[in-house]
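Student: Handing you this structure, nothing more for now.
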Amino acid sequence: MKDSGRSAARMGSQVLQLMQNTGHAMFMLLEAIYFTRYVFSKRSRGETLVQLYITGIKSLAVITVVAMFTGMILALQTGLELRRYGQEVYIGSAVAVSMIREMGPFMTGLIIAASVGSAIAAQIGTMTVSEEIAALEVMSINPNRFLVMPRLVALVVMMPILTVYTNILGIFGGGVVGATQLGVSMQAYMDNATQFATNKDLYVGLLKAAIFGAVIATVACHQGFMTTEGAVGVGKATRRSVIISFLVILVLGYMITRMFYI
Amino acid sequence: MNKYTREISIEIIVGLFMFTVLIALGIFTIVLSSENLLKKSYQYEFVFSEIGGLREGDNVFVRGMNVGRVKQTDLQDENVRVYASLDVPITLRRGYSIEIVSSSMLGGKYLKIDEGPEDAPPLGDNVTILGSLPVDVIEELGKAVTGLQSMINAVSQGQGTLGKLLKDDTMYNNMVAVSDDLKTITGKVKNGEGTLGKLLVSDDGQMYDDTKAFMANLHTISQNLADGKGTLGKLMSGSTNDTAYADLQATLANVRSITASINEGDGTLGKLVRDGKLYDEATSLVEDVRAAVDDLREASPITSFGSVLFGAF
């Protein structure tokens with residue numbers, strides 16, 4: 001009886017902790033959004049540019065490879081099925097619509113969460129355990145304005161741009177597989193791809209990307225701020241940041257698609 | 001409550017709110033199917049004997065517009081009830097039709113609603129709305145192909161007019177013969193041979209003059225008839241002053257009087273026609289005559305024998 005009571009108390013405590021962490025993350029996000037009006041200020045401009053560079057340019061290599069192969073796999077799998085009906089010419093539309101609507105923002109989000117999000121969590125986590133965050137507060141520098149806002153802006157701005165890049169490369173990769181493996185000429189593939197994809201697909205995809213960017217920044221910064229237990233804690237924060245970002249991206253991705261397409 | 005505790009409390013409330021929103025979103029996007037909670041919808045119920053694979057979530061079209069979805073299908077004892085949720089209200093009139101139509105050759109169905117003629121009276125409340133039997137495109141296509149195949153087989157075996165046309169040389173030969181005959185006829189006409197040839201080709205004008213004179217005569221006759229000239233003309237024009245007409249009228253009156261007398265049974269002819277007694281007497285007379293003839297025929301051998309026997313004396 002005592003043990004079960006203790007377990008219930010522990011579970012309740014964990015639920016409360018989860019609620020508190022979520023609430024803390026929301027307050028942090030709202031404060032960072034509020035501070036975006038200082039994004040072009042002298043103090044924040046440099047940090048924002050650095051974060052834009054880290055998010056956008058340093059992720060290009062991995063995004064290039066992932067996007068190309070995502071498009072190639074999509075084209076190959078779809079094309080092999082369509083070939084059974086003699087309709088492989090339609091892989092252009094299948095790949096383009098899949099990439100623009102779903103796979104582009106989703107794959108970009110996962111890559112950025114794994115590379116940039118984990119780096120942010122590790123950096124802020126280290127600053128937390130080494131009490132640099134406390135030092136900032138002592139100096140009356142708001143950590144949300146100094147650390148969170150530039151990262152939030154960088155991710156929200158760069159995610160849609162990187163998604164467009166992913167889409168282009170994915171569609172191109174699909175075209176290469178179509179031309180070399182399925183006997184669909186690049187011209188026919190491109191004609192078909194542009195025929196079926198609509199502006200709505202692109203806008204919804206870009207909206208998703210921007211939301212995923214905000215999610216990654218919020219989760220990573222929050223996990224960084226919540227870091228305890230020194231170096232071990234930094235590792236845990238990094239891992240949690242990636243896992244939570246993946247989960248939220250998946251769930252939100254489904255919900256946004258459902259809201260816009262049914 | 002100190003500042004730290006208050007902050008934690010607020011954060012917990014915000015977290016709780018966030019999770020509530022997420023759960024609501026989850027219910028809205030995962031559990032509820034195609035429901036627009038903020039929009040008014042109109043529920044309709046249709047009864048089909050069969051729905052041919054119509055499923056929940058399939059579209060509903062009215063005048064070519066997608067206006068809703070099939071919400072539920074319910075199998076009952078002898079029929080299937082289809083519940084549809086529409087974005088707009090519809091008024092069904094007499095002569096309406098509810099059909100289940102194939103979306104494409106690959107599958108998929110939708111509900112097509114025809115509200116009925118504009119001038120037809122609307123259906124009353126609580127009326128069961130009946131749907132038509134769905135048309136299976138594949139099955140219909142199969143039947144058409146089978147029919148076409150049997151037709152092709154019949155034709156290839158030379159059956160029927162088309163088959164004979166394609167397989168039997170007789171028609172071809174006949175057509176060639178007809179063509180030759182036509183060629184001969186047109187050649188003769190062209191050369192001015194025969195009546196038609198002379199009519200068309202001959203330059204002497206005799207045939208033309210004859211035809212013209214014949215037409216002139218015909219014209220004169222018809223003109224006379226129209227003017228009421230001559231007996232026939234007078235009869236046709238309805239003139240009452242003419243003797244012939246008066247005679248004819250008197251004759252017809254006499255005939256009418258005679259037929260009336262006959263019909264009433266007056267006179268010998270009337271009695272012959274109307275009186276059954278005369279018929280009976282005539283029948284009796286015939287029977288008597290027949291009996292007398294039979295007696296005579298039976299007595300004939302005895303008379304002959306008597307004549308031979310007593311003839312010597």
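Each chain in the structure tokens gets a letter, A, B and so on, in the order shown; residues start at 1 in every chain, and ligands are counted from 1 in the order they appear.
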Determine, counting only C-alpha atoms, which protein, DNA and RNA residues have an atom within 8 Å of an atom of Phe69 (chain A); residues of the same chain fewer than 3 positions away are not included. Present the result as a list in words.
Tutor: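 Using only C-alpha atoms, the neighbours found are Val65, Val66, Met72, Ile73, Gly170 and Gly173 of chain A.
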Student: Tell me as an NGL selection string which residues belonging to chain A come within 12 Å of chain B, counting only C-alpha atoms.
Tutor: :A and (13-28 or 30 or 85 or 248 or 251-262)
Student: Just to be explicit: take each residue in the selection above, keep C-alpha atoms, and write the result as a PDB file, in the first residue's frame.
Tutor:
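Output saved as out.pdb:
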ATOM      1  CA  SER A  13       5.479  14.452  -9.542  1.00  0.00           C
ATOM      2  CA  GLN A  14       6.770  13.456 -13.001  1.00  0.00           C
ATOM      3  CA  VAL A  15       3.543  14.629 -14.651  1.00  0.00           C
ATOM      4  CA  LEU A  16       3.808  17.918 -12.801  1.00  0.00           C
ATOM      5  CA  GLN A  17       7.463  18.182 -13.839  1.00  0.00           C
ATOM      6  CA  LEU A  18       6.454  17.561 -17.463  1.00  0.00           C
ATOM      7  CA  MET A  19       3.771  20.231 -17.250  1.00  0.00           C
ATOM      8  CA  GLN A  20       6.169  22.671 -15.632  1.00  0.00           C
ATOM      9  CA  ASN A  21       8.864  22.045 -18.255  1.00  0.00           C
ATOM     10  CA  THR A  22       6.327  22.544 -21.048  1.00  0.00           C
ATOM     11  CA  GLY A  23       5.080  25.744 -19.453  1.00  0.00           C
ATOM     12  CA  HIS A  24       8.644  26.963 -18.963  1.00  0.00           C
ATOM     13  CA  ALA A  25       9.457  26.231 -22.601  1.00  0.00           C
ATOM     14  CA  MET A  26       6.341  28.133 -23.736  1.00  0.00           C
ATOM     15  CA  PHE A  27       7.253  31.163 -21.615  1.00  0.00           C
ATOM     16  CA  MET A  28      10.786  31.040 -23.002  1.00  0.00           C
ATOM     17  CA  LEU A  30       7.024  33.785 -25.993  1.00  0.00           C
ATOM     18  CA  TYR A  85       0.775  -0.796 -64.327  1.00  0.00           C
ATOM     19  CA  VAL A 248       7.108  16.914 -31.874  1.00  0.00           C
ATOM     20  CA  VAL A 251       3.147  14.773 -34.421  1.00  0.00           C
ATOM     21  CA  LEU A 252       2.874  18.359 -35.664  1.00  0.00           C
ATOM     22  CA  GLY A 253       3.672  17.257 -39.224  1.00  0.00           C
ATOM     23  CA  TYR A 254       0.698  14.933 -39.201  1.00  0.00           C
ATOM     24  CA  MET A 255      -1.631  17.482 -37.628  1.00  0.00           C
ATOM     25  CA  ILE A 256      -0.730  20.249 -40.078  1.00  0.00           C
ATOM     26  CA  THR A 257      -1.188  17.922 -43.052  1.00  0.00           C
ATOM     27  CA  ARG A 258      -4.539  16.757 -41.714  1.00  0.00           C
ATOM     28  CA  MET A 259      -5.734  20.312 -41.130  1.00  0.00           C
ATOM     29  CA  PHE A 260      -4.811  21.529 -44.606  1.00  0.00           C
ATOM     30  CA  TYR A 261      -5.631  18.533 -46.782  1.00  0.00           C
ATOM     31  CA  ILE A 262      -8.823  16.951 -45.439  1.00  0.00           C
TER      32      ILE A 262
END
Student: Name the residues of region 165-255 of chain B that fall into alpha helix (DSSP H) according to DSSP on the backbone, using the chain letters and numbers of this document, as a PyMOL selection string.
Tutor: chain B and resi 165-167+169-191+194-201+206-227+230-237+243-255
Student: For Ile262 (chain B), work out the shell of residues within 10 Å, counting only C-alpha atoms and skipping chain neighbours fewer than 5 positions away, then give it as number ranges by chain.
Tutor: B: 256-257, 267-274
Student: Would you save the residues from that selection as an mmCIF file, in the first residue's frame, using C-alpha atoms?
Tutor:
data_model
loop_
_atom_site.group_PDB
_atom_site.id
_atom_site.type_symbol
_atom_site.label_atom_id
_atom_site.label_comp_id
_atom_site.auth_asym_id
_atom_site.auth_seq_id
_atom_site.Cartn_x
_atom_site.Cartn_y
_atom_site.Cartn_z
ATOM 1 C CA ARG B 256 -82.518 5.164 -96.999
ATOM 2 C CA SER B 257 -86.317 4.644 -96.864
ATOM 3 C CA GLY B 267 -92.575 -6.171 -96.777
ATOM 4 C CA THR B 268 -91.287 -9.510 -97.988
ATOM 5 C CA LEU B 269 -87.617 -8.549 -97.917
ATOM 6 C CA GLY B 270 -88.002 -7.040 -94.457
ATOM 7 C CA LYS B 271 -89.673 -10.203 -93.194
ATOM 8 C CA LEU B 272 -86.991 -12.293 -94.827
ATOM 9 C CA VAL B 273 -84.378 -10.314 -92.946
ATOM 10 C CA ARG B 274 -86.118 -9.735 -89.611
#
Student: Excluding same-chain residues fewer than 5 positions from region 106-123 of chain A, what lies within 6 Å of it counting only C-alpha atoms, as a ChimeraX atom specification?
Tutor: /A:163,216,220-221,223-224,234,238,242
Student: Store the residues picked out above, limited to C-alpha atoms, as a PDB file, in the first residue's frame.
Tutor:
ATOM      1  CA  THR A 163      13.369  23.032 -47.247  1.00  0.00           C
ATOM      2  CA  ILE A 216      13.743  22.755 -32.691  1.00  0.00           C
ATOM      3  CA  ALA A 220      17.016  22.658 -27.789  1.00  0.00           C
ATOM      4  CA  CYS A 221      17.314  25.898 -25.809  1.00  0.00           C
ATOM      5  CA  GLN A 223      16.838  21.392 -22.709  1.00  0.00           C
ATOM      6  CA  GLY A 224      20.037  23.397 -22.522  1.00  0.00           C
ATOM      7  CA  VAL A 234      24.950  17.934 -21.071  1.00  0.00           C
ATOM      8  CA  THR A 238      21.482  16.767 -26.009  1.00  0.00           C
ATOM      9  CA  VAL A 242      16.929  15.374 -30.345  1.00  0.00           C
TER      10      VAL A 242
END
Student: Find the spatial neighbours of Asp87 (chain B), counting only C-alpha atoms, within a cut-off of 7 Å - ignore same-chain residues fewer than 3 positions away - and output them as a PyMOL selection string.
Tutor: chain B and resi 40-42+67-68
Student: Deliver the residues from the most recent selection as a file, using C-alpha atoms, as a short mmCIF file (atom, residue, chain, number, x, y, z; two decimals), in the first residue's frame.
Tutor:
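Produced file selection-v7.cif, reproduced below:
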data_model
loop_
_atom_site.label_atom_id
_atom_site.label_comp_id
_atom_site.auth_asym_id
_atom_site.auth_seq_id
_atom_site.Cartn_x
_atom_site.Cartn_y
_atom_site.Cartn_z
CA LYS B 40 -23.06 23.74 -39.90
CA SER B 41 -23.85 20.46 -41.60
CA TYR B 42 -27.09 18.85 -42.78
CA VAL B 67 -21.04 19.20 -51.01
CA GLY B 68 -20.34 16.61 -48.35
#
Student: Please, what distance in Å, to one decimal, runs between CA of Thr180 (chain A) and CA of Met68 (chain A)?
Tutor: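 Computed distance, CA of Thr180 (chain A) to CA of Met68 (chain A), equals 14.6 Å.
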Student: In terms of the shortest atom-to-atom distance over only C-alpha atoms, which of A:Val89, A:Ala8, A:Ala210, A:Val153 is closest to Asp191 (chain A)?
Tutor: A:Val89
Student: Excluding Ala188 (chain A) and its own-chain neighbours fewer than 6 positions away, which residues fall within 12 Å of it when counting only C-alpha atoms? Please give them as a list in words.
Tutor: Glu88, Val89, Tyr90, Ile91, Gly92, Ser93, Gly175, Val176, Gly178, Ala179, Leu182, Thr194 and Gln195 of chain A
Student: Could you write those residues out with C-alpha atoms, as an mmCIF file, in the first residue's frame?
Tutor:
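Below is the file that was written, part37.cif:
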data_model
loop_
_atom_site.group_PDB
_atom_site.id
_atom_site.type_symbol
_atom_site.label_atom_id
_atom_site.label_comp_id
_atom_site.auth_asym_id
_atom_site.auth_seq_id
_atom_site.Cartn_x
_atom_site.Cartn_y
_atom_site.Cartn_z
ATOM 1 C CA GLU A 88 6.091 4.947 -64.321
ATOM 2 C CA VAL A 89 5.876 8.255 -66.165
ATOM 3 C CA TYR A 90 3.909 9.530 -63.163
ATOM 4 C CA ILE A 91 6.841 9.281 -60.717
ATOM 5 C CA GLY A 92 7.473 12.979 -61.330
ATOM 6 C CA SER A 93 4.205 13.967 -59.698
ATOM 7 C CA GLY A 175 14.573 12.636 -61.963
ATOM 8 C CA VAL A 176 18.036 11.069 -62.160
ATOM 9 C CA GLY A 178 13.728 8.028 -63.339
ATOM 10 C CA ALA A 179 16.022 8.671 -66.302
ATOM 11 C CA LEU A 182 13.027 3.588 -65.034
ATOM 12 C CA THR A 194 5.309 20.605 -62.349
ATOM 13 C CA GLN A 195 1.875 19.585 -63.592
#
Student: Select, from A:Ser185, A:Thr128, A:Ser59, A:Asn199, the residue with the minimum atom-to-atom distance to Thr166 (chain A), counting only C-alpha atoms.
Tutor: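 Closest residue, counting only C-alpha atoms: A:Ser59.
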Student: List as a VMD selection string the protein and nucleic acid residues near Asp136 (chain B), meaning an atom at most 12 Å away when only C-alpha atoms are counted, but skip any in the same chain fewer than 5 places from it.
Tutor: chain B and resid 50 to 54 99 to 105 107 to 109 141 to 143
